[in-house]
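Peer 1: See upload_20.cif below, with mmCIF, C-alpha atoms.
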```cif
data_input
loop_
_atom_site.label_atom_id
_atom_site.label_comp_id
_atom_site.auth_asym_id
_atom_site.auth_seq_id
_atom_site.Cartn_x
_atom_site.Cartn_y
_atom_site.Cartn_z
CA ARG A 1 1.66 1.47 24.58
CA TYR A 2 -0.38 0.64 27.67
CA GLU A 3 -2.92 3.33 26.81
CA HIS A 4 -3.63 1.55 23.51
CA SER A 5 -3.90 -1.91 25.12
CA LEU A 6 -7.59 -1.32 25.94
CA GLU A 7 -8.35 -0.62 22.30
CA SER A 8 -6.31 -3.49 20.87
CA THR A 9 -7.57 -6.02 23.40
CA GLN A 10 -11.19 -5.02 22.78
CA LEU A 11 -10.53 -5.09 19.05
CA THR A 12 -10.04 -8.84 18.75
CA LEU A 13 -10.67 -10.40 22.10
CA GLN A 14 -12.42 -13.58 21.26
CA GLY A 15 -11.53 -14.71 17.76
CA THR A 16 -12.03 -18.45 18.29
CA GLY A 17 -15.76 -18.18 17.54
CA LEU A 18 -14.95 -16.60 14.19
CA ILE A 19 -11.85 -18.62 13.30
CA ILE A 20 -13.23 -22.03 14.33
CA GLY A 21 -16.96 -21.85 15.00
CA THR A 22 -17.98 -20.30 11.69
CA GLY A 23 -17.27 -23.60 9.93
CA SER A 24 -20.12 -25.42 11.65
CA ALA A 25 -22.55 -22.61 10.79
CA LEU A 26 -21.44 -22.60 7.15
CA ALA A 27 -21.85 -26.37 6.86
CA LYS A 28 -25.29 -26.22 8.47
CA ALA A 29 -26.86 -23.13 6.92
CA GLY A 30 -24.94 -21.93 3.86
CA PRO A 31 -23.06 -18.69 3.06
CA ALA A 32 -26.01 -16.31 2.73
CA SER A 33 -27.47 -17.46 6.06
CA ILE A 34 -24.31 -16.78 8.02
CA LEU A 35 -23.80 -13.43 6.28
CA ILE A 36 -27.30 -12.31 7.26
CA ALA A 37 -26.94 -13.68 10.81
CA TYR A 38 -23.56 -12.04 11.41
CA SER A 39 -24.83 -8.74 10.00
CA MET A 40 -27.89 -8.74 12.26
CA ILE A 41 -25.94 -9.62 15.39
CA GLY A 42 -23.21 -7.15 14.41
CA PHE A 43 -25.75 -4.33 14.21
CA LEU A 44 -27.16 -5.27 17.61
CA VAL A 45 -23.68 -5.47 19.14
CA TYR A 46 -22.73 -2.05 17.78
CA VAL A 47 -25.87 -0.42 19.21
CA VAL A 48 -25.25 -2.02 22.61
CA MET A 49 -21.58 -1.02 22.59
CA CYS A 50 -22.42 2.60 21.80
CA SER A 51 -24.82 2.68 24.75
CA LEU A 52 -22.28 0.98 27.02
CA GLY A 53 -19.59 3.39 25.86
CA GLU A 54 -21.70 6.40 26.84
CA MET A 55 -22.30 5.05 30.34
CA ALA A 56 -18.71 3.89 30.84
CA THR A 57 -17.32 7.27 29.73
CA TRP A 58 -19.68 9.19 31.98
CA LEU A 59 -19.34 6.87 35.00
CA PRO A 60 -16.15 4.76 34.83
CA ALA A 61 -16.94 2.21 37.52
CA ALA A 62 -15.27 -0.97 38.70
CA GLY A 63 -17.34 -4.13 38.58
CA GLY A 64 -18.36 -4.10 34.95
CA PHE A 65 -21.65 -3.19 33.36
CA SER A 66 -23.67 -4.96 36.07
CA THR A 67 -23.02 -1.76 38.04
CA TYR A 68 -25.04 0.18 35.48
CA ALA A 69 -27.84 -2.40 35.55
CA ALA A 70 -28.07 -2.05 39.33
CA ARG A 71 -27.92 1.76 39.27
CA PHE A 72 -30.26 2.53 36.39
CA CYS A 73 -32.69 -0.41 36.61
CA ASP A 74 -32.74 -2.44 39.80
CA PRO A 75 -30.20 -4.02 42.19
CA ALA A 76 -31.75 -7.41 41.43
CA LEU A 77 -30.92 -6.98 37.73
CA GLY A 78 -27.35 -5.98 38.61
CA PHE A 79 -27.03 -9.06 40.83
CA ALA A 80 -28.38 -11.39 38.13
CA THR A 81 -26.37 -9.77 35.33
CA GLY A 82 -23.13 -9.95 37.31
CA TYR A 83 -23.43 -13.62 38.23
CA THR A 84 -24.67 -14.67 34.81
CA TYR A 85 -21.65 -12.94 33.30
CA TRP A 86 -19.30 -14.56 35.81
CA PHE A 87 -20.82 -18.00 35.17
CA LYS A 88 -20.23 -17.56 31.46
CA TYR A 89 -16.54 -16.86 31.85
CA ILE A 90 -15.73 -19.51 34.42
CA ILE A 91 -17.19 -22.01 31.92
CA ILE A 92 -15.66 -20.56 28.78
CA THR A 93 -12.15 -20.45 30.31
CA PRO A 94 -11.87 -24.27 30.54
CA ASN A 95 -13.49 -24.39 27.12
CA GLN A 96 -10.59 -22.35 25.73
CA LEU A 97 -8.05 -24.51 27.57
CA THR A 98 -9.61 -27.59 25.99
CA ALA A 99 -9.43 -25.94 22.58
CA ALA A 100 -5.73 -25.21 23.13
CA ALA A 101 -5.06 -28.86 23.91
CA LEU A 102 -7.00 -29.93 20.80
CA VAL A 103 -5.03 -27.54 18.62
CA ILE A 104 -1.73 -29.00 19.81
CA GLN A 105 -3.03 -32.46 18.91
CA TYR A 106 -2.67 -31.29 15.31
CA TRP A 107 1.02 -32.16 15.80
CA LEU A 108 1.12 -34.32 18.94
CA PRO A 109 -1.83 -36.73 19.24
CA ALA A 110 -3.21 -37.65 22.64
CA THR A 111 -1.61 -41.09 22.31
CA LYS A 112 1.83 -39.45 22.57
CA VAL A 113 1.21 -36.62 25.06
CA ASN A 114 -1.81 -36.50 27.35
CA PRO A 115 -3.85 -33.33 26.65
CA GLY A 116 -3.98 -32.68 30.39
CA VAL A 117 -0.31 -31.69 30.23
CA TRP A 118 -1.05 -28.80 27.86
CA ILE A 119 -4.13 -27.78 29.86
CA ALA A 120 -2.02 -27.54 33.03
CA ILE A 121 0.72 -25.55 31.30
CA PHE A 122 -1.69 -23.02 29.78
CA LEU A 123 -3.64 -22.68 33.05
CA VAL A 124 -0.50 -21.88 35.03
CA ILE A 125 0.64 -19.34 32.44
CA ILE A 126 -2.66 -17.42 32.26
CA VAL A 127 -2.97 -17.33 36.07
CA SER A 128 0.57 -15.94 36.29
CA ILE A 129 -0.11 -13.26 33.69
CA ASN A 130 -3.25 -12.16 35.52
CA TYR A 131 -1.49 -12.20 38.88
CA PHE A 132 1.12 -9.61 37.88
CA GLY A 133 -1.46 -6.86 37.48
CA VAL A 134 -3.42 -5.06 34.80
CA ARG A 135 -0.37 -3.16 33.49
CA PHE A 136 1.43 -6.42 32.69
CA PHE A 137 -1.80 -7.95 31.41
CA GLY A 138 -2.46 -4.96 29.16
CA GLU A 139 1.09 -4.99 27.82
CA PHE A 140 0.92 -8.72 27.08
CA GLU A 141 -2.51 -8.50 25.46
CA PHE A 142 -1.35 -5.56 23.36
CA TYR A 143 1.16 -7.78 21.59
CA LEU A 144 -1.21 -10.75 21.34
CA SER A 145 -4.04 -8.61 19.97
CA SER A 146 -1.71 -6.90 17.51
CA ALA A 147 -0.65 -10.33 16.26
CA LYS A 148 -4.31 -11.34 15.94
CA VAL A 149 -5.09 -8.25 13.86
CA ILE A 150 -2.20 -9.04 11.52
CA ILE A 151 -3.30 -12.68 11.26
CA ILE A 152 -6.90 -11.82 10.39
CA LEU A 153 -5.85 -9.22 7.84
CA GLY A 154 -3.48 -11.78 6.30
CA LEU A 155 -6.32 -14.30 6.13
CA LEU A 156 -8.60 -11.78 4.45
CA ILE A 157 -5.96 -11.05 1.82
CA LEU A 158 -5.46 -14.79 1.29
CA MET A 159 -9.22 -15.35 0.90
CA ILE A 160 -9.37 -12.55 -1.67
CA CYS A 161 -6.51 -14.16 -3.60
CA ILE A 162 -8.25 -17.55 -3.54
CA THR A 163 -11.63 -16.28 -4.73
CA ALA A 164 -10.04 -14.03 -7.35
CA GLY A 165 -7.94 -16.84 -8.83
CA GLY A 166 -4.62 -15.66 -7.42
CA VAL A 167 -3.56 -19.20 -6.42
CA PRO A 168 -1.55 -21.04 -9.10
CA GLY A 169 -3.56 -23.78 -10.78
CA HIS A 170 -6.94 -22.51 -9.60
CA ASP A 171 -9.42 -20.35 -11.48
CA ALA A 172 -11.34 -17.46 -9.96
CA VAL A 173 -14.44 -18.75 -8.15
CA GLY A 174 -16.18 -15.47 -7.32
CA PHE A 175 -19.76 -16.25 -6.22
CA GLU A 176 -19.78 -19.66 -7.90
CA TYR A 177 -20.52 -21.48 -4.65
CA TRP A 178 -23.51 -19.19 -4.05
CA ASN A 179 -25.02 -20.71 -7.19
CA ASN A 180 -23.76 -24.26 -6.78
CA PRO A 181 -24.49 -25.73 -4.24
CA GLY A 182 -26.38 -22.53 -3.35
CA ALA A 183 -26.53 -19.53 -1.05
CA PHE A 184 -28.85 -21.21 1.47
CA LYS A 185 -28.95 -24.67 2.93
CA THR A 186 -32.37 -25.47 4.29
CA PHE A 187 -32.55 -26.42 7.95
CA LYS A 188 -35.24 -28.64 9.54
CA ALA A 189 -37.69 -27.82 6.75
CA ALA A 190 -37.94 -27.38 2.99
CA GLY A 191 -38.35 -24.23 0.92
CA ALA A 192 -38.56 -20.73 2.35
CA GLY A 193 -39.24 -22.02 5.85
CA GLY A 194 -36.02 -24.05 5.81
CA ARG A 195 -34.02 -21.04 4.65
CA PHE A 196 -35.57 -18.90 7.38
CA LEU A 197 -34.67 -21.50 10.02
CA ALA A 198 -31.15 -21.73 8.59
CA ILE A 199 -30.62 -18.03 9.29
CA TRP A 200 -31.87 -18.37 12.85
CA SER A 201 -29.80 -21.49 13.45
CA SER A 202 -26.72 -19.40 12.61
CA MET A 203 -27.57 -16.82 15.26
CA VAL A 204 -26.10 -18.91 18.08
CA THR A 205 -22.76 -19.19 16.30
CA ALA A 206 -22.81 -15.49 15.47
CA VAL A 207 -23.48 -14.50 19.09
CA PHE A 208 -20.64 -16.73 20.30
CA ALA A 209 -18.29 -15.21 17.70
CA PHE A 210 -19.01 -11.70 19.02
CA LEU A 211 -18.43 -12.61 22.66
CA GLY A 212 -15.74 -10.46 24.22
CA THR A 213 -16.68 -7.26 22.46
CA GLU A 214 -18.15 -6.08 25.76
CA LEU A 215 -14.76 -6.39 27.53
CA ILE A 216 -14.50 -2.61 27.60
CA GLY A 217 -17.35 -2.53 30.09
CA VAL A 218 -15.28 -4.63 32.51
CA THR A 219 -11.85 -3.03 32.04
CA VAL A 220 -13.12 0.53 32.40
CA GLY A 221 -12.46 0.51 36.16
CA GLU A 222 -8.73 -0.08 35.57
CA ALA A 223 -8.25 1.80 32.30
CA GLU A 224 -5.99 4.83 32.14
CA ASN A 225 -7.81 8.02 31.16
CA PRO A 226 -11.15 6.32 30.38
CA ARG A 227 -12.76 9.59 29.26
CA ARG A 228 -10.39 9.58 26.28
CA ASN A 229 -9.62 5.89 25.63
CA ILE A 230 -13.12 4.42 25.90
CA PRO A 231 -14.66 6.51 23.07
CA ARG A 232 -11.66 5.63 20.89
CA ALA A 233 -12.14 1.94 21.59
CA ILE A 234 -15.88 2.14 20.91
CA LYS A 235 -15.29 3.79 17.54
CA LEU A 236 -13.08 0.85 16.54
CA THR A 237 -15.98 -1.53 17.20
CA PHE A 238 -17.73 -0.54 13.99
CA TRP A 239 -14.71 -1.37 11.83
CA ARG A 240 -14.06 -4.55 13.75
CA ILE A 241 -17.59 -5.75 13.01
CA VAL A 242 -17.53 -4.78 9.33
CA VAL A 243 -14.02 -5.96 8.45
CA PHE A 244 -13.25 -8.83 10.80
CA TYR A 245 -16.71 -10.39 10.92
CA ILE A 246 -19.02 -9.48 8.06
CA PHE A 247 -16.31 -9.27 5.39
CA SER A 248 -14.71 -12.48 6.71
CA VAL A 249 -17.86 -14.58 6.49
CA LEU A 250 -18.59 -13.13 3.03
CA LEU A 251 -15.18 -14.26 1.77
CA LEU A 252 -15.47 -17.65 3.46
CA GLY A 253 -18.77 -18.28 1.71
CA MET A 254 -17.07 -17.48 -1.58
CA CYS A 255 -14.07 -19.78 -0.95
CA VAL A 256 -15.69 -22.85 0.63
CA PRO A 257 -18.94 -24.55 -0.47
CA TYR A 258 -21.20 -25.53 2.40
CA ASN A 259 -21.22 -29.16 1.16
CA SER A 260 -17.42 -29.44 1.10
CA PRO A 261 -16.59 -32.99 2.32
CA GLU A 262 -13.68 -31.68 4.39
CA LEU A 263 -15.84 -29.02 6.06
CA VAL A 264 -18.64 -31.46 6.81
CA ALA A 265 -16.22 -34.08 8.16
CA ALA A 266 -14.41 -31.56 10.38
CA ASN A 267 -17.64 -30.43 12.03
CA ASN A 268 -19.20 -33.89 12.30
CA PRO A 269 -16.25 -36.11 13.28
CA LYS A 270 -16.97 -39.83 13.42
CA ASP A 271 -13.95 -40.31 15.64
CA GLY A 272 -12.61 -38.20 18.47
CA ASN A 273 -9.42 -37.17 16.74
CA LYS A 274 -10.48 -34.10 14.78
CA SER A 275 -8.61 -31.09 16.13
CA SER A 276 -9.98 -27.58 16.32
CA ALA A 277 -7.64 -26.54 13.54
CA SER A 278 -9.14 -28.98 11.07
CA ALA A 279 -12.62 -27.66 11.91
CA SER A 280 -11.68 -24.11 10.91
CA PRO A 281 -13.23 -23.09 7.57
CA PHE A 282 -10.07 -21.09 6.86
CA VAL A 283 -8.04 -24.31 6.99
CA VAL A 284 -10.57 -25.96 4.68
CA ALA A 285 -10.25 -23.07 2.22
CA ILE A 286 -6.45 -23.31 2.32
CA ASN A 287 -6.49 -27.09 1.80
CA GLU A 288 -8.97 -26.90 -1.08
CA ALA A 289 -6.79 -24.23 -2.71
CA GLY A 290 -3.88 -26.68 -2.56
CA ILE A 291 -1.59 -24.43 -0.53
CA LYS A 292 0.84 -26.74 1.27
CA LYS A 293 2.47 -26.11 4.67
CA LEU A 294 0.21 -23.11 5.33
CA PRO A 295 -2.27 -25.10 7.49
CA HIS A 296 0.57 -25.77 9.96
CA ILE A 297 1.37 -22.07 10.14
CA PHE A 298 -2.29 -21.22 10.56
CA ASN A 299 -2.53 -23.78 13.36
CA VAL A 300 0.04 -21.72 15.28
CA CYS A 301 -2.13 -18.66 14.66
CA ILE A 302 -5.18 -20.46 16.07
CA LEU A 303 -3.14 -21.31 19.16
CA ILE A 304 -2.40 -17.60 19.64
CA PHE A 305 -6.12 -16.81 19.36
CA VAL A 306 -7.08 -19.48 21.89
CA PHE A 307 -4.37 -18.53 24.38
CA SER A 308 -5.25 -14.84 24.21
CA ALA A 309 -8.94 -15.64 24.66
CA ALA A 310 -8.28 -17.86 27.70
CA ASN A 311 -6.09 -15.18 29.23
CA SER A 312 -8.73 -12.47 28.78
CA ASP A 313 -11.58 -14.75 29.90
CA LEU A 314 -9.88 -15.37 33.25
CA TYR A 315 -9.30 -11.65 33.65
CA ILE A 316 -13.00 -10.90 33.07
CA ALA A 317 -14.11 -13.68 35.44
CA SER A 318 -11.91 -12.42 38.30
CA ARG A 319 -12.91 -8.76 37.85
CA THR A 320 -16.59 -9.64 37.62
CA LEU A 321 -16.49 -11.61 40.88
CA HIS A 322 -14.52 -8.76 42.48
CA GLY A 323 -17.18 -6.31 41.33
CA GLN A 324 -19.92 -8.46 42.83
CA ALA A 325 -18.09 -8.49 46.15
CA VAL A 326 -17.61 -4.71 46.09
CA LYS A 327 -21.37 -4.29 45.70
CA GLY A 328 -22.02 -6.76 48.55
CA TYR A 329 -23.30 -9.55 46.29
CA ALA A 330 -20.41 -11.92 47.12
CA PRO A 331 -18.23 -12.63 50.21
CA LYS A 332 -16.17 -9.59 51.20
CA PHE A 333 -12.78 -11.30 50.89
CA PHE A 334 -13.28 -11.43 47.11
CA ALA A 335 -13.19 -7.61 47.13
CA LYS A 336 -9.66 -7.44 48.58
CA THR A 337 -6.81 -6.58 46.22
CA ASN A 338 -3.03 -6.63 46.49
CA LYS A 339 -0.70 -3.67 45.96
CA SER A 340 -1.04 -4.03 42.20
CA GLY A 341 -4.82 -3.85 42.39
CA VAL A 342 -5.29 -7.54 41.55
CA PRO A 343 -8.21 -9.27 43.34
CA VAL A 344 -6.13 -12.33 44.24
CA ALA A 345 -8.89 -14.30 45.96
CA ALA A 346 -11.31 -13.73 43.10
CA LEU A 347 -8.57 -14.61 40.60
CA PHE A 348 -7.63 -17.95 42.14
CA PHE A 349 -11.23 -18.92 42.87
CA SER A 350 -12.22 -18.22 39.26
CA ALA A 351 -9.08 -19.98 37.99
CA ALA A 352 -10.01 -23.10 39.97
CA PHE A 353 -12.92 -23.65 37.58
CA GLY A 354 -10.37 -23.94 34.80
CA CYS A 355 -9.66 -27.39 36.17
CA LEU A 356 -12.97 -28.49 34.66
CA ALA A 357 -11.00 -28.79 31.43
CA PHE A 358 -9.26 -31.89 32.84
CA MET A 359 -12.62 -33.70 32.75
CA ASN A 360 -12.36 -33.80 28.95
#
```
Taking this structure as input, can you express it in the form of structure tokens?
Peer 2:
Amino acid sequence: RYEHSLESTQLTLQGTGLIIGTGSALAKAGPASILIAYSMIGFLVYVVMCSLGEMATWLPAAGGFSTYAARFCDPALGFATGYTYWFKYIIITPNQLTAAALVIQYWLPATKVNPGVWIAIFLVIIVSINYFGVRFFGEFEFYLSSAKVIIILGLLILMICITAGGVPGHDAVGFEYWNNPGAFKTFKAAGAGGRFLAIWSSMVTAVFAFLGTELIGVTVGEAENPRRNIPRAIKLTFWRIVVFYIFSVLLLGMCVPYNSPELVAANNPKDGNKSSASASPFVVAINEAGIKKLPHIFNVCILIFVFSAANSDLYIASRTLHGQAVKGYAPKFFAKTNKSGVPVAALFFSAAFGCLAFMN
């Protein structure tokens, strides 16, 4: 089971960008824009992952892909790549902790339980999971990622049922919303120029949704039998992109119009009480289809996505800082590991930035 944890973790690492962030892009740019944007970024990601897979299979090295930048280009590029990557994950970890607290507010508003309580609980749990070593981390992420795969596949089936008229009391919609209100929503300009800008405005959301695909380039130093498991994980990337991203945004554009009042309100809240769950376009599709109780179940699913992402983000941050120290780009004590191979100093230093979530 551990041998497959690399593949399953890489398969659906992030998730929150797709499950939550796609709603803002749909409301801003329209279904055709996000489909084009996700397809373009997906192609770019697949090309990069194939290249990374070749290097990681040939030279499985600790420290992530910044090692390859330093070896094949210049040490300065490796230094910059490593720290930029570390900066990203010490910021995105508190971002995920904040999202977890917002999701729980779907049931318990901040007036009843301070969100800082949930942030503290999740932070302690993810630090503990990372502290017990990569074998425990891989085992835990195997189950979380398996659950995420099942959830996404269930959502895709549900979206197909909604658009095909499988929900009682609702007719098949097909591509109706591509005609009315339309496939494109102009952005910052009118006509063709506005449609062009709408596509490019969706690129940021698409890039964020694909974050985490490159995890394989960080875990390769601790993976079992990388010469066998890395190519297998890379091959799964293609199907992940096609099924979980491109097919998902296609179905969302068929189920939810970009001018849906609920979608617009969720992504432009006038008050501070909109939770992450309500901003998910999947929740909007479920509500507009009139399926009761399911949004609560899906909220639990979002919590699983956010928790798994926070857990993996902290892992990447600690291993990236450890890799920088191994190459001499960071203080040497960050390179020290315990008997389980965990860089404890790098882990706790990176985890300390998770406390930024309390500022929210």
Peer 1: Could you check which of A:Gly191, A:Pro94, A:Gly17, A:Gly341 is closest to Phe353 of chain A, using only C-alpha atoms?
Peer 2: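 That would be A:Pro94, the residue with the smallest distance to Phe353 of chain A.
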Peer 1: Please indicate the distance in Å from atom CA of Tyr83 of chain A to atom CA of Ala335 of chain A, rounded to one decimal place.
Peer 2: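 Between atom CA of Tyr83 of chain A and atom CA of Ala335 of chain A the gap works out to 14.8 Å.
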Peer 1: Quick one: everything within 10 Å of Gly116 of chain A, counting only C-alpha atoms, minus sequence neighbours fewer than 6 positions away in the same chain. Send it as a ChimeraX atom specification.
Peer 2: /A:97-98,101,110,122,355,357-360
Peer 1: Between atom CA of Phe247 of chain A and atom CA of Ile291 of chain A, what is the spacing in Å?
Peer 2: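 Between atom CA of Ile291 of chain A and atom CA of Phe247 of chain A the gap is 21.9 Å.
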Peer 1: For the atom pair atom CA of Arg228 of chain A and atom CA of Ser318 of chain A, what is the interatomic distance in Å to one decimal place?
Peer 2: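 Straight-line distance from atom CA of Arg228 of chain A to atom CA of Ser318 of chain A works out to 25.1 Å.
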Peer 1: Evaluated on this file, the PyMOL selection byres ((chain A and resi 124) around 12) picks out some residues - which ones are they, written as number ranges by chain?
Peer 2: A: 97, 117-123, 125-131, 307, 310-311, 314, 348, 351-352, 354-355
Peer 1: Write out as an MDAnalysis selection string the residues lying within 7 Å of Ala100 of chain A, counting all atoms listed in the file and excluding same-chain residues fewer than 4 positions away.
Peer 2: chainID A and resid 96 104 303 306:307
Peer 1: For this file, the PyMOL selection byres ((chain A and resi 177) around 10) selects which residues, as an NGL selection string?
Peer 2: :A and (30-31 or 173-176 or 178-183 or 253-259)
Peer 1: Counting only C-alpha atoms, which of A:Ala289, A:Ala80, A:Val284, A:Ala56 gets nearest to Pro261 of chain A?
Peer 2: A:Val284
Peer 1: I need the residue set behind the PyMOL selection byres ((chain A and resi 66-77) around 12) for this file; please write it as a ChimeraX atom specification.
Peer 2: /A:51-65,78-86,214,217-218,220-221,319-329
